[in-house]
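Input: a single structure, listed below in C-alpha cells.
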Amino acid sequence: MTSFLDRVSREVLLLDGSMGALLQGRGLPAGYAPDLWNLENPAAIEAVHREYVDAGSDAILTNTFGASRLRLAEYGAEARLVEINRAAVEIARRAAGTQAYVAGDIGPLGTTLAPFGELPFDDAVAIFAEQARALARAGADLIVIETMFDLLEVRAALIGARDAAPNLPLVASMTFTTDGLTDTGTDPETAAAALETLADVIAVNCSTGPDAMTAVVEKMARTTRKPIGVQPNAGLPVQREGKTIFPLSAAEVAAFGPRFIDAGATLVGGCCGTTPEYIRLLKTTIKGRPAVPRSVPAGVKITSRMKTVWIGPGFPFLKIGEKINPTGKKAFAEAIREGRMDMIVAEARKQYEHGAHALDVNVGVPMTPEAENMGRAVTAVQNVVDLPLVIDSSSVDALEAGLKVYPGRALVNSVNAEEEKLERVLPLVKRYGASVLALVSGDEIPEKAADRLKNAEKIMRRALDLGISPDQIVFDVLALPVSAMQEGSRETLETIRLISRELGAATSAGVSNVSFGLPNRPLIHNTFLALAIGAGLDAGIVNPYDEGMHRAVEGASLFSGRDPGCRRFIEIHQAKAEERKKPAAEAGTPKSTRDRIFEAVVEGERESIQDLVRQGLAEGLDPFAVFLDVMTPAIRHLGELFGARKKFIPHLIAAAETMRKGVEILSPLMESAGAMEKKGTIVMATVKGDVHDIGKNICCLMLRNYGFGVVDLGKNVPCEAILDAAAKHRADVIGLSALMTTTMMQMKIVRDAVREKGLPCKIMIGGAVTTKEFAREIGVDGHGKDVGDVTAVAERLVEELRGMAKR
C-alpha cells in the first residue's frame, strides 16, 4: 500500500486501457459477460493484460468490472463470485509479474440505492465488501472502484471495500458527462470533497473524451490534496457500418497526457476505445514525470450531492439554518410524532430562500423513532434543497441513520470531550467520511477559554488517532448565555482566538444561545455575532429569517478578511436596491392549490402531495383535470429541467414517486367516472448482455405516471423474451435500453426480429451510449436522449401508430 500511494503522490503512474473491445477481438460474443471468461478463457484475458504491461502500464485492472454478487446473478453465476474474482487476480498477477501492480476492479451494481431506489445502503455495502474481500484475499495490490455516477453508491462501495480490505489503497473514480456533471448532478469539486475522506485516490473515467476530462481534473485538483486519476474514452462513440467506433486515434488521445499532468493528475490510463498503443505513447511522454505542485486551500469542507461549502479563515462566514428543530415548537414536534415531514420540508425551503448556506436537521422528539425519522427527514430535505446538511442528534443511531441516506459529506452535530461521546461518535465520523462539530465541553461546561482549549486538544488527539484529519473538525466554542454567565460569554471570544492560533482549526457557535433570558434578543446575539466574526469565528448556527443577523455578517465580514474588495457586500446591496424598484404587485400572490400540486410534483414533495390532492378535490377540482392538466404538465416540465441539467436523476425519481402517490388518490375517482384512459402499452427492457437498468427503471416510472401501461421485463433480456411480451401484451411500443457499447447491437437484433415477425409496434431506444444517428442507422422509430425525453418520444410514436391504423 505504501509503495503505490507514495509513488502516485510523487510521480506519474500509468494504468491500462479498454478491456472489453480487445476481448471481443479475441472472440468474446456480444452481450456475453466478460467476467465469466476468467474461468472459461483465461488465456485471452492474460494476453490482453500482457499487452498493457508490455506497453508500459504500472497497474492493470482485473477483469472483474461486473463480478459482484448482484451482477453475476444476471448470468446465474453469483455462487462463483469468489472463484471468478480469484481467477481474475491470478491471471493479472501472471501477466504483471514484478512490473505492475494488480488493481482489483469493481464497477457499479446496476441498480439504485435507497432512499431513491430499493437497495438498502447496508446491503450495498455488504455486496461491495464481498467482492473487495475476494479480490484482496486473492492478492490484489489495490482496489479501483470505477464508472460511478452516484455519490451514495460510491460511498457505499468505499465503506464496503475499506471494511473488507483495510490495508489496500482505494481509488474512487466517477464518471461525468460533457457538461462536467454526473447524471445525479454532482460537480467535480463536490465529488472530490465528498470522497477525499474515504478514498486514497480520486479519479474520473469513461463517458467523455480527453478534452472534457481535462477540466474535470483541474477542478478536482483545486479541491483536494489526494492524488488524481484520469481515464478518458477515445472520444464519444459513433456508429459506422453497424459497428461502434471511438473516433480518436491512440496518438490523438495520448496528446492530452501532458495536459492531464499539468492539470494535476498522477494516475493516467484509458477507458472505452483506448488500446495498448495509447499506453505505449504515454510511456514515452509522461510516465515517471514528477507530480505538478498543487495549491489547495486549507479549510473544512461539507457537501450535499450537488454543492460544496468551505469553513475556515478567508472563506465566507457559513450560516447554518437552525429552524429544523422541534425544541419549543409544539406543532413541529407533533408533525414529527405523526411521522409527517411537511413542516420540515417547508422550513428547509424557507431557510434556503432566506439565505442559509447549510441546514441543521434535528428531529429529536421524546417517545418517537428518532433514527427512522432522521433518515426520512434527511431524504425529504435533500429532495427540495441542494444545501449541505448538519445531522444533529444526541443519538448515535439517529446520526448513522442520517448518514446512510446522505450522499454528500455531512457535518455531524456533535461530539464533545466526554469519553462515551468520543468512543461512539468519532468512529462513526471516520466510517462515513463525515466532518464533525466538536463541542469544547466535557463532563462539565468550562467557563475559561484555556479549559475549553484543553478539551479541544483532547478531541483533536483522539480524532487524529482514528485517522480523522484536522480539516474534518469544526470546534463549537460554546456561546454561553450572557445573562447567566457574563464572564464565560466573554471567554467565548477568547476561545475562538485560542483555537485558531493553537490548533489552526475552524470554529462555530450556536449564536442565539448568548441572548437567552434577556429582552431584545436579536440585538444581543447579533452584536455578539459581529464581535465573534471579528475574533475569527468561521460559522454559526443562526436564524436565517433574522435580517439583523445577515447585516451583522455582511458588516463584520468586511473587517475580517471574508469579503475581499467588499465585492459580496456591494453585490448584496445592489440586488436589494433592484428588488425595491420592482412594483409591489410583483411580490406575488398566494399560490392556488393547483399551483401547489404542480410544484409538489416538480420538487418531489412526497410527504405533502396526498393532502394537497385531497384539498384540491375538496375545493371542487376535477380529478381528471388534476391528473391531465396539473400533474402531467409537471412531469413534462421536470423533463425539460432535466434536459437543461437543472434537475437530475434523484429529482426525477422523487417526482415520479410523488406523482404516483397523488394518482393513488385520483385513480378510483377517475375510474368510476370512466375518465381513466391508458395512453398506450409499452414493453421496456435492457437488452441481452447489459445489466444496467437505473435509467430504464426511471423511464418506466415516468411513463406510468404519464398514463402509459408499462411492462417492465428488467435487464439482460433476450430478444425472444421481448418479442413474446410484445405479442402477449399487444404492445404499441418496445423500449430498449443499453449502457454498454458492447451491447448496443442487440437493439438492431430486436429491431430485425420485430420486422421479421411482422409485429405492429414501434421501437424506441435510449441509454448513455446511444444517439439519434445510431437509432437512424439501425432503423428504429425513436430515440430518447435521456429520461426527461422519454414521455414525449413515446407519445409521438403512439400517435403515429394510431394515425397509421386510421388510414
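Letters A, B, ... mark the chains of the C-alpha cells in the order given; residue numbers begin at 1 per chain; ligand numbers begin at 1, in order shown.
Considering only range 299-378 of chain A, backbone DSSP assigns strand (DSSP E or B) to Val300, Lys301, Ile302, Thr303, Thr308, Val309, Trp310, Ile311, Leu318, Lys319, Ile320, Gly321, Glu322, Lys323, Ile324, Ala358, Leu359, Asp360 and Val361 of chain A.
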Practice task
Mind checking which residues fall within 10 Å of Ala552 in chain A, counting only C-alpha atoms, ignoring those fewer than 3 positions away in the same chain, and posting them as a PyMOL selection string?
Solution key: chain A and resi 525-531+533+547-549+555-557
Selection to disk with C-alpha atoms, as a PDB file, in the first residue's frame:
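After the write, out_0.pdb holds the following:
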```pdb
ATOM      1  CA  HIS A 525     -26.856  37.860  19.746  1.00  0.00           C
ATOM      2  CA  ASN A 526     -26.212  39.834  16.565  1.00  0.00           C
ATOM      3  CA  THR A 527     -23.844  42.125  18.458  1.00  0.00           C
ATOM      4  CA  PHE A 528     -22.088  39.028  19.766  1.00  0.00           C
ATOM      5  CA  LEU A 529     -22.016  37.600  16.249  1.00  0.00           C
ATOM      6  CA  ALA A 530     -20.216  40.634  14.847  1.00  0.00           C
ATOM      7  CA  LEU A 531     -17.680  40.520  17.687  1.00  0.00           C
ATOM      8  CA  ILE A 533     -16.584  37.117  13.460  1.00  0.00           C
ATOM      9  CA  GLU A 547     -32.365  40.369   8.760  1.00  0.00           C
ATOM     10  CA  GLY A 548     -30.235  41.791  11.553  1.00  0.00           C
ATOM     11  CA  MET A 549     -28.159  38.606  11.544  1.00  0.00           C
ATOM     12  CA  GLY A 555     -20.622  44.195   8.006  1.00  0.00           C
ATOM     13  CA  ALA A 556     -18.281  42.070  10.116  1.00  0.00           C
ATOM     14  CA  SER A 557     -17.049  40.196   7.037  1.00  0.00           C
TER      15      SER A 557
END
```
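The gap separating CA of Lys748 in chain A from CA of Leu723 in chain A is 13.2 Å, in Å to one decimal.
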Neighbours of Pro326 in chain A within 7 Å (only C-alpha atoms; same-chain residues fewer than 4 positions away dropped), as a CSV table (one decimal) with N, CA and C atoms, in the first residue's frame?
```csv
chain,number,residue,atom,x,y,z
A,332,PHE,N,-44.5,21.6,15.4
A,332,PHE,CA,-43.4,21.0,14.7
A,332,PHE,C,-43.2,19.6,15.3
A,333,ALA,N,-43.2,19.5,16.6
A,333,ALA,CA,-42.9,18.3,17.3
A,333,ALA,C,-44.1,17.3,17.0
A,363,VAL,N,-34.5,16.0,14.7
A,363,VAL,CA,-35.9,15.5,14.8
A,363,VAL,C,-36.1,14.9,16.2
A,364,GLY,N,-35.4,15.3,17.2
A,364,GLY,CA,-35.4,14.7,18.5
A,364,GLY,C,-36.7,15.0,19.2
A,365,VAL,N,-37.7,14.1,19.2
A,365,VAL,CA,-38.9,14.2,20.0
A,365,VAL,C,-39.0,13.0,20.9
```
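CA of Phe260 in chain A sits 28.6 Å away from CA of Ile45 in chain A.
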Exercise for the section: Quick one: everything within 6 Å of range 480-489 of chain A, counting only C-alpha atoms, minus sequence neighbours fewer than 2 positions away in the same chain. Send it as an MDAnalysis selection string. Expected result: chainID A and resid 447 478 491:492 513:516
